[in-house]
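S.K.: Just model_31.pdb, nothing more (PDB, C-alpha atoms and all ligand atoms):
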```
ATOM      1  CA  MET A   1     -33.971 -76.603 -20.746  1.00  0.00           C
ATOM      2  CA  LEU A   2     -30.792 -76.236 -18.690  1.00  0.00           C
ATOM      3  CA  PRO A   3     -30.805 -77.217 -15.025  1.00  0.00           C
ATOM      4  CA  ALA A   4     -30.983 -74.246 -12.643  1.00  0.00           C
ATOM      5  CA  PHE A   5     -27.353 -74.658 -11.606  1.00  0.00           C
ATOM      6  CA  ALA A   6     -26.086 -74.594 -15.203  1.00  0.00           C
ATOM      7  CA  ARG A   7     -28.165 -71.501 -15.910  1.00  0.00           C
ATOM      8  CA  PHE A   8     -26.641 -69.826 -12.858  1.00  0.00           C
ATOM      9  CA  VAL A   9     -23.121 -70.666 -14.092  1.00  0.00           C
ATOM     10  CA  CYS A  10     -23.948 -69.249 -17.543  1.00  0.00           C
ATOM     11  CA  LEU A  11     -25.279 -66.078 -15.977  1.00  0.00           C
ATOM     12  CA  CYS A  12     -22.106 -65.692 -13.902  1.00  0.00           C
ATOM     13  CA  ALA A  13     -19.920 -66.218 -16.954  1.00  0.00           C
ATOM     14  CA  ALA A  14     -21.912 -63.610 -18.881  1.00  0.00           C
ATOM     15  CA  LEU A  15     -21.637 -61.142 -15.998  1.00  0.00           C
ATOM     16  CA  LEU A  16     -17.929 -61.747 -15.710  1.00  0.00           C
ATOM     17  CA  LEU A  17     -17.478 -61.136 -19.435  1.00  0.00           C
ATOM     18  CA  ALA A  18     -19.492 -57.930 -19.204  1.00  0.00           C
ATOM     19  CA  LEU A  19     -17.436 -56.772 -16.227  1.00  0.00           C
ATOM     20  CA  THR A  20     -14.184 -57.532 -18.016  1.00  0.00           C
ATOM     21  CA  ALA A  21     -15.365 -55.581 -21.053  1.00  0.00           C
ATOM     22  CA  CYS A  22     -16.264 -52.611 -18.839  1.00  0.00           C
ATOM     23  CA  GLN A  23     -12.928 -52.729 -17.082  1.00  0.00           C
ATOM     24  CA  LYS A  24     -11.090 -52.668 -20.400  1.00  0.00           C
ATOM     25  CA  LYS A  25     -12.826 -49.435 -21.323  1.00  0.00           C
ATOM     26  CA  THR A  26     -11.872 -47.675 -18.100  1.00  0.00           C
ATOM     27  CA  GLU A  27      -8.435 -49.248 -17.778  1.00  0.00           C
ATOM     28  CA  PRO A  28      -6.003 -46.839 -16.111  1.00  0.00           C
ATOM     29  CA  GLY A  29      -4.524 -44.884 -18.973  1.00  0.00           C
ATOM     30  CA  LEU A  30      -1.400 -42.837 -18.528  1.00  0.00           C
ATOM     31  CA  ARG A  31       0.193 -41.459 -21.628  1.00  0.00           C
ATOM     32  CA  ALA A  32       3.133 -39.136 -22.131  1.00  0.00           C
ATOM     33  CA  SER A  33       3.852 -37.130 -25.259  1.00  0.00           C
ATOM     34  CA  ASN A  34       6.232 -34.444 -26.509  1.00  0.00           C
ATOM     35  CA  ALA A  35       8.871 -35.452 -23.943  1.00  0.00           C
ATOM     36  CA  HIS A  36      12.014 -33.448 -24.552  1.00  0.00           C
ATOM     37  CA  MET A  37      15.084 -31.913 -22.996  1.00  0.00           C
ATOM     38  CA  TRP A  38      17.111 -29.013 -24.353  1.00  0.00           C
ATOM     39  CA  ALA A  39      20.670 -30.028 -25.153  1.00  0.00           C
ATOM     40  CA  ILE A  40      23.049 -29.062 -22.358  1.00  0.00           C
ATOM     41  CA  ALA A  41      26.502 -27.524 -22.612  1.00  0.00           C
ATOM     42  CA  PRO A  42      29.549 -29.683 -21.920  1.00  0.00           C
ATOM     43  CA  GLY A  43      30.182 -29.747 -18.181  1.00  0.00           C
ATOM     44  CA  GLN A  44      26.614 -28.789 -17.315  1.00  0.00           C
ATOM     45  CA  THR A  45      25.126 -31.312 -14.898  1.00  0.00           C
ATOM     46  CA  THR A  46      21.534 -30.137 -14.524  1.00  0.00           C
ATOM     47  CA  ALA A  47      18.760 -30.185 -17.091  1.00  0.00           C
ATOM     48  CA  ALA A  48      14.985 -29.852 -17.264  1.00  0.00           C
ATOM     49  CA  VAL A  49      12.671 -32.288 -19.005  1.00  0.00           C
ATOM     50  CA  TYR A  50       9.295 -31.163 -20.343  1.00  0.00           C
ATOM     51  CA  LEU A  51       6.413 -33.348 -21.387  1.00  0.00           C
ATOM     52  CA  ARG A  52       2.661 -33.682 -21.501  1.00  0.00           C
ATOM     53  CA  LEU A  53       1.160 -36.297 -19.202  1.00  0.00           C
ATOM     54  CA  GLU A  54      -2.377 -37.432 -19.866  1.00  0.00           C
ATOM     55  CA  ASN A  55      -4.443 -39.395 -17.359  1.00  0.00           C
ATOM     56  CA  SER A  56      -7.465 -40.947 -19.027  1.00  0.00           C
ATOM     57  CA  ALA A  57      -8.214 -43.053 -15.948  1.00  0.00           C
ATOM     58  CA  ALA A  58     -11.210 -42.416 -13.706  1.00  0.00           C
ATOM     59  CA  ARG A  59      -9.012 -41.715 -10.696  1.00  0.00           C
ATOM     60  CA  GLU A  60      -6.314 -39.274  -9.730  1.00  0.00           C
ATOM     61  CA  ARG A  61      -2.733 -40.495 -10.073  1.00  0.00           C
ATOM     62  CA  THR A  62       0.319 -39.240  -8.268  1.00  0.00           C
ATOM     63  CA  ILE A  63       3.930 -39.436  -9.349  1.00  0.00           C
ATOM     64  CA  GLN A  64       5.989 -41.069  -6.607  1.00  0.00           C
ATOM     65  CA  LEU A  65       9.409 -41.420  -8.204  1.00  0.00           C
ATOM     66  CA  VAL A  66      11.250 -40.291 -11.290  1.00  0.00           C
ATOM     67  CA  SER A  67      14.469 -41.831 -12.551  1.00  0.00           C
ATOM     68  CA  THR A  68      16.687 -42.011 -15.614  1.00  0.00           C
ATOM     69  CA  PRO A  69      19.992 -43.751 -16.253  1.00  0.00           C
ATOM     70  CA  ILE A  70      21.572 -40.475 -17.466  1.00  0.00           C
ATOM     71  CA  ALA A  71      21.154 -38.619 -14.150  1.00  0.00           C
ATOM     72  CA  GLY A  72      22.109 -39.354 -10.559  1.00  0.00           C
ATOM     73  CA  ARG A  73      18.835 -37.843  -9.373  1.00  0.00           C
ATOM     74  CA  ALA A  74      15.541 -36.753 -10.906  1.00  0.00           C
ATOM     75  CA  GLU A  75      12.793 -34.748  -9.198  1.00  0.00           C
ATOM     76  CA  VAL A  76       9.521 -33.116 -10.109  1.00  0.00           C
ATOM     77  CA  HIS A  77       9.907 -29.349  -9.695  1.00  0.00           C
ATOM     78  CA  ARG A  78       7.545 -26.465  -9.975  1.00  0.00           C
ATOM     79  CA  HIS A  79       8.352 -22.833 -10.659  1.00  0.00           C
ATOM     80  CA  ILE A  80       6.729 -20.397  -8.295  1.00  0.00           C
ATOM     81  CA  HIS A  81       6.777 -16.645  -7.963  1.00  0.00           C
ATOM     82  CA  GLU A  82       7.881 -15.604  -4.517  1.00  0.00           C
ATOM     83  CA  ASP A  83       8.565 -11.987  -3.558  1.00  0.00           C
ATOM     84  CA  GLY A  84       8.726 -11.138  -7.228  1.00  0.00           C
ATOM     85  CA  VAL A  85      11.371 -13.762  -7.857  1.00  0.00           C
ATOM     86  CA  MET A  86      10.961 -16.934  -9.886  1.00  0.00           C
ATOM     87  CA  LYS A  87      12.054 -19.903  -7.795  1.00  0.00           C
ATOM     88  CA  MET A  88      11.706 -23.626  -8.147  1.00  0.00           C
ATOM     89  CA  ARG A  89      10.585 -26.085  -5.541  1.00  0.00           C
ATOM     90  CA  PRO A  90      10.549 -29.885  -5.489  1.00  0.00           C
ATOM     91  CA  VAL A  91       7.064 -31.393  -5.613  1.00  0.00           C
ATOM     92  CA  ALA A  92       6.955 -34.648  -3.656  1.00  0.00           C
ATOM     93  CA  HIS A  93       3.756 -36.069  -5.135  1.00  0.00           C
ATOM     94  CA  ALA A  94       2.702 -34.367  -8.332  1.00  0.00           C
ATOM     95  CA  ARG A  95      -0.972 -35.096  -9.006  1.00  0.00           C
ATOM     96  CA  VAL A  96      -2.712 -35.735 -12.275  1.00  0.00           C
ATOM     97  CA  ALA A  97      -6.463 -35.511 -11.778  1.00  0.00           C
ATOM     98  CA  ALA A  98      -8.784 -38.062 -13.387  1.00  0.00           C
ATOM     99  CA  GLY A  99      -9.223 -37.286 -17.063  1.00  0.00           C
ATOM    100  CA  ALA A 100      -6.781 -34.391 -16.845  1.00  0.00           C
ATOM    101  CA  VAL A 101      -3.483 -33.397 -18.393  1.00  0.00           C
ATOM    102  CA  LEU A 102      -0.448 -32.319 -16.416  1.00  0.00           C
ATOM    103  CA  ALA A 103       1.781 -30.167 -18.566  1.00  0.00           C
ATOM    104  CA  PHE A 104       5.451 -30.009 -17.731  1.00  0.00           C
ATOM    105  CA  GLU A 105       6.458 -26.781 -19.443  1.00  0.00           C
ATOM    106  CA  PRO A 106       8.700 -23.746 -18.895  1.00  0.00           C
ATOM    107  CA  ALA A 107       7.529 -21.595 -15.953  1.00  0.00           C
ATOM    108  CA  GLY A 108       5.432 -24.460 -14.598  1.00  0.00           C
ATOM    109  CA  TYR A 109       6.217 -28.039 -13.748  1.00  0.00           C
ATOM    110  CA  HIS A 110       9.383 -29.665 -15.015  1.00  0.00           C
ATOM    111  CA  ILE A 111      11.406 -32.741 -14.256  1.00  0.00           C
ATOM    112  CA  MET A 112      14.778 -31.679 -12.959  1.00  0.00           C
ATOM    113  CA  LEU A 113      17.727 -33.901 -13.713  1.00  0.00           C
ATOM    114  CA  MET A 114      20.752 -33.562 -11.453  1.00  0.00           C
ATOM    115  CA  ASP A 115      24.218 -35.071 -11.747  1.00  0.00           C
ATOM    116  CA  VAL A 116      23.666 -35.602 -15.453  1.00  0.00           C
ATOM    117  CA  ALA A 117      26.339 -37.707 -17.111  1.00  0.00           C
ATOM    118  CA  ASP A 118      26.484 -38.893 -20.704  1.00  0.00           C
ATOM    119  CA  ALA A 119      23.498 -36.952 -21.981  1.00  0.00           C
ATOM    120  CA  PRO A 120      22.842 -38.008 -25.586  1.00  0.00           C
ATOM    121  CA  PRO A 121      23.570 -35.450 -28.338  1.00  0.00           C
ATOM    122  CA  VAL A 122      20.859 -33.455 -30.135  1.00  0.00           C
ATOM    123  CA  GLY A 123      18.553 -35.844 -31.938  1.00  0.00           C
ATOM    124  CA  GLY A 124      19.245 -38.639 -29.480  1.00  0.00           C
ATOM    125  CA  SER A 125      16.952 -39.828 -26.740  1.00  0.00           C
ATOM    126  CA  PHE A 126      16.992 -41.481 -23.336  1.00  0.00           C
ATOM    127  CA  PRO A 127      14.469 -43.294 -21.128  1.00  0.00           C
ATOM    128  CA  LEU A 128      12.800 -41.577 -18.183  1.00  0.00           C
ATOM    129  CA  THR A 129      10.768 -43.704 -15.766  1.00  0.00           C
ATOM    130  CA  LEU A 130       7.791 -42.221 -13.946  1.00  0.00           C
ATOM    131  CA  GLU A 131       6.589 -44.351 -11.065  1.00  0.00           C
ATOM    132  CA  PHE A 132       3.025 -43.824  -9.889  1.00  0.00           C
ATOM    133  CA  ASP A 133       1.049 -44.754  -6.810  1.00  0.00           C
ATOM    134  CA  GLY A 134       0.429 -48.479  -6.996  1.00  0.00           C
ATOM    135  CA  ALA A 135       3.992 -48.937  -8.296  1.00  0.00           C
ATOM    136  CA  GLU A 136       2.811 -48.621 -11.894  1.00  0.00           C
ATOM    137  CA  LYS A 137       5.617 -47.452 -14.149  1.00  0.00           C
ATOM    138  CA  LEU A 138       5.563 -45.437 -17.321  1.00  0.00           C
ATOM    139  CA  VAL A 139       8.777 -45.332 -19.337  1.00  0.00           C
ATOM    140  CA  VAL A 140       8.983 -42.221 -21.473  1.00  0.00           C
ATOM    141  CA  ASP A 141      11.386 -41.688 -24.354  1.00  0.00           C
ATOM    142  CA  VAL A 142      12.867 -38.183 -23.960  1.00  0.00           C
ATOM    143  CA  GLU A 143      14.191 -36.513 -27.099  1.00  0.00           C
ATOM    144  CA  VAL A 144      17.197 -34.174 -26.874  1.00  0.00           C
ATOM    145  CA  ARG A 145      16.499 -30.993 -28.854  1.00  0.00           C
ATOM    146  CA  SER A 146      18.558 -27.957 -29.746  1.00  0.00           C
ATOM    147  CA  ARG A 147      17.318 -24.622 -28.468  1.00  0.00           C
TER     148      ARG A 147
HETATM  149 CU    CU B   1      14.022 -27.374 -11.296  1.00  0.00          CU
END
```
Translate the structure described by the file into structure tokens.
M.R.:
Amino acid sequence: MLPAFARFVCLCAALLLALTACQKKTEPGLRASNAHMWAIAPGQTTAAVYLRLENSAARERTIQLVSTPIAGRAEVHRHIHEDGVMKMRPVAHARVAAGAVLAFEPAGYHIMLMDVADAPPVGGSFPLTLEFDGAEKLVVDVEVRSR
């Protein structure tokens, strides 16, 4: 028979293991897929990136910053209809609800690249970094596609 103290230590270790196992299951999961940009014409300095962002975590996540080495500036934009006209507006903190998908697609959200220089040719790709609340970063490989 183990002394009471040793039993207590064992119990704590078992609890800790169980907690760790639980945490692994609900680990914040952010995943991007189908990230792409349409090839731009020579001299064109703006482009839109589309992708599917999946949040399998149990809490809402917000995008704080977007950056890529091929553009001077990157912002989350959203298309809106205003007075019968399609306009786009920057979205400071795009939210992805817990267990939800945020689709960046034409006529909805997109990631706007400005001051684009040295965009890779069709078939090439470039990294895009999404920075979330809590400073967590997700680096997405964006494929350049022909229209
Ligand atoms: Cu835009």
S.K.: Translate the PyMOL selection byres (((not hetatm)) within 6 of (chain B and resi 1)) into a concrete residue list for this structure, as a list in words.
M.R.: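 Output from the PyMOL selection byres (((not hetatm)) within 6 of (chain B and resi 1)), applied to this file: His77, Met88 and Met112 of chain A.
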S.K.: Tell me which residues come within 9 Å of (2.7, -47.2, -7.2), as a count of residues only, counting all atoms listed in the file in the file's coordinates.
M.R.: 11
S.K.: Counting only C-alpha atoms, which residues of range 8-114 of chain A fall within 10 Å of range 120-128 of chain A, and what is the closest atom pair for each with its distance in Å at one decimal, ordered by chain and rising number, as JSON lines?
M.R.:
```
{"residue": "A:Ala35", "atom": "CA", "partner": "A:Leu128", "partner_atom": "CA", "distance": 9.3}
{"residue": "A:His36", "atom": "CA", "partner": "A:Ser125", "partner_atom": "CA", "distance": 8.4}
{"residue": "A:Met37", "atom": "CA", "partner": "A:Ser125", "partner_atom": "CA", "distance": 9.0}
{"residue": "A:Trp38", "atom": "CA", "partner": "A:Val122", "partner_atom": "CA", "distance": 8.2}
{"residue": "A:Ala39", "atom": "CA", "partner": "A:Val122", "partner_atom": "CA", "distance": 6.0}
{"residue": "A:Ile40", "atom": "CA", "partner": "A:Pro121", "partner_atom": "CA", "distance": 8.8}
{"residue": "A:Val49", "atom": "CA", "partner": "A:Leu128", "partner_atom": "CA", "distance": 9.3}
{"residue": "A:Val66", "atom": "CA", "partner": "A:Leu128", "partner_atom": "CA", "distance": 7.2}
{"residue": "A:Ser67", "atom": "CA", "partner": "A:Leu128", "partner_atom": "CA", "distance": 5.9}
{"residue": "A:Thr68", "atom": "CA", "partner": "A:Leu128", "partner_atom": "CA", "distance": 4.7}
{"residue": "A:Pro69", "atom": "CA", "partner": "A:Pro127", "partner_atom": "CA", "distance": 7.4}
{"residue": "A:Ile70", "atom": "CA", "partner": "A:Phe126", "partner_atom": "CA", "distance": 7.5}
{"residue": "A:Ala71", "atom": "CA", "partner": "A:Leu128", "partner_atom": "CA", "distance": 9.7}
{"residue": "A:Ala74", "atom": "CA", "partner": "A:Leu128", "partner_atom": "CA", "distance": 9.2}
{"residue": "A:Ile111", "atom": "CA", "partner": "A:Leu128", "partner_atom": "CA", "distance": 9.8}
```
S.K.: Could you save the residues just selected, with C-alpha atoms, as a tab-separated table (two decimals), in the coordinates of the input?
M.R.:
```tsv
chain	number	residue	atom	x	y	z
A	35	ALA	CA	8.87	-35.45	-23.94
A	36	HIS	CA	12.01	-33.45	-24.55
A	37	MET	CA	15.08	-31.91	-23.00
A	38	TRP	CA	17.11	-29.01	-24.35
A	39	ALA	CA	20.67	-30.03	-25.15
A	40	ILE	CA	23.05	-29.06	-22.36
A	49	VAL	CA	12.67	-32.29	-19.00
A	66	VAL	CA	11.25	-40.29	-11.29
A	67	SER	CA	14.47	-41.83	-12.55
A	68	THR	CA	16.69	-42.01	-15.61
A	69	PRO	CA	19.99	-43.75	-16.25
A	70	ILE	CA	21.57	-40.48	-17.47
A	71	ALA	CA	21.15	-38.62	-14.15
A	74	ALA	CA	15.54	-36.75	-10.91
A	111	ILE	CA	11.41	-32.74	-14.26
```
S.K.: List as a list in words the protein and nucleic acid residues near His110 in chain A, meaning an atom at most 9 Å away when all atoms listed in the file are counted, but skip any in the same chain fewer than 2 places from it.
M.R.: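 Here the qualifying residues turn out to be Ala48, Val49, Tyr50, Leu51, Glu75, Val76, His77, Arg78, His79, Ala103, Phe104, Glu105, Pro106, Ala107, Gly108 and Met112 of chain A.
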S.K.: Kindly save the residues from that selection, with C-alpha atoms included, as a CSV table (one decimal), in the coordinates of the input.
M.R.:
```
chain,number,residue,atom,x,y,z
A,48,ALA,CA,15.0,-29.9,-17.3
A,49,VAL,CA,12.7,-32.3,-19.0
A,50,TYR,CA,9.3,-31.2,-20.3
A,51,LEU,CA,6.4,-33.3,-21.4
A,75,GLU,CA,12.8,-34.7,-9.2
A,76,VAL,CA,9.5,-33.1,-10.1
A,77,HIS,CA,9.9,-29.3,-9.7
A,78,ARG,CA,7.5,-26.5,-10.0
A,79,HIS,CA,8.4,-22.8,-10.7
A,103,ALA,CA,1.8,-30.2,-18.6
A,104,PHE,CA,5.5,-30.0,-17.7
A,105,GLU,CA,6.5,-26.8,-19.4
A,106,PRO,CA,8.7,-23.7,-18.9
A,107,ALA,CA,7.5,-21.6,-16.0
A,108,GLY,CA,5.4,-24.5,-14.6
A,112,MET,CA,14.8,-31.7,-13.0
```
S.K.: Just give me the residues with any atom within 12 Å of (29.5, -29.7, -18.2), file coordinates, counting all atoms listed in the file, written as a PyMOL selection string.
M.R.: chain A and resi 39-47+114-119
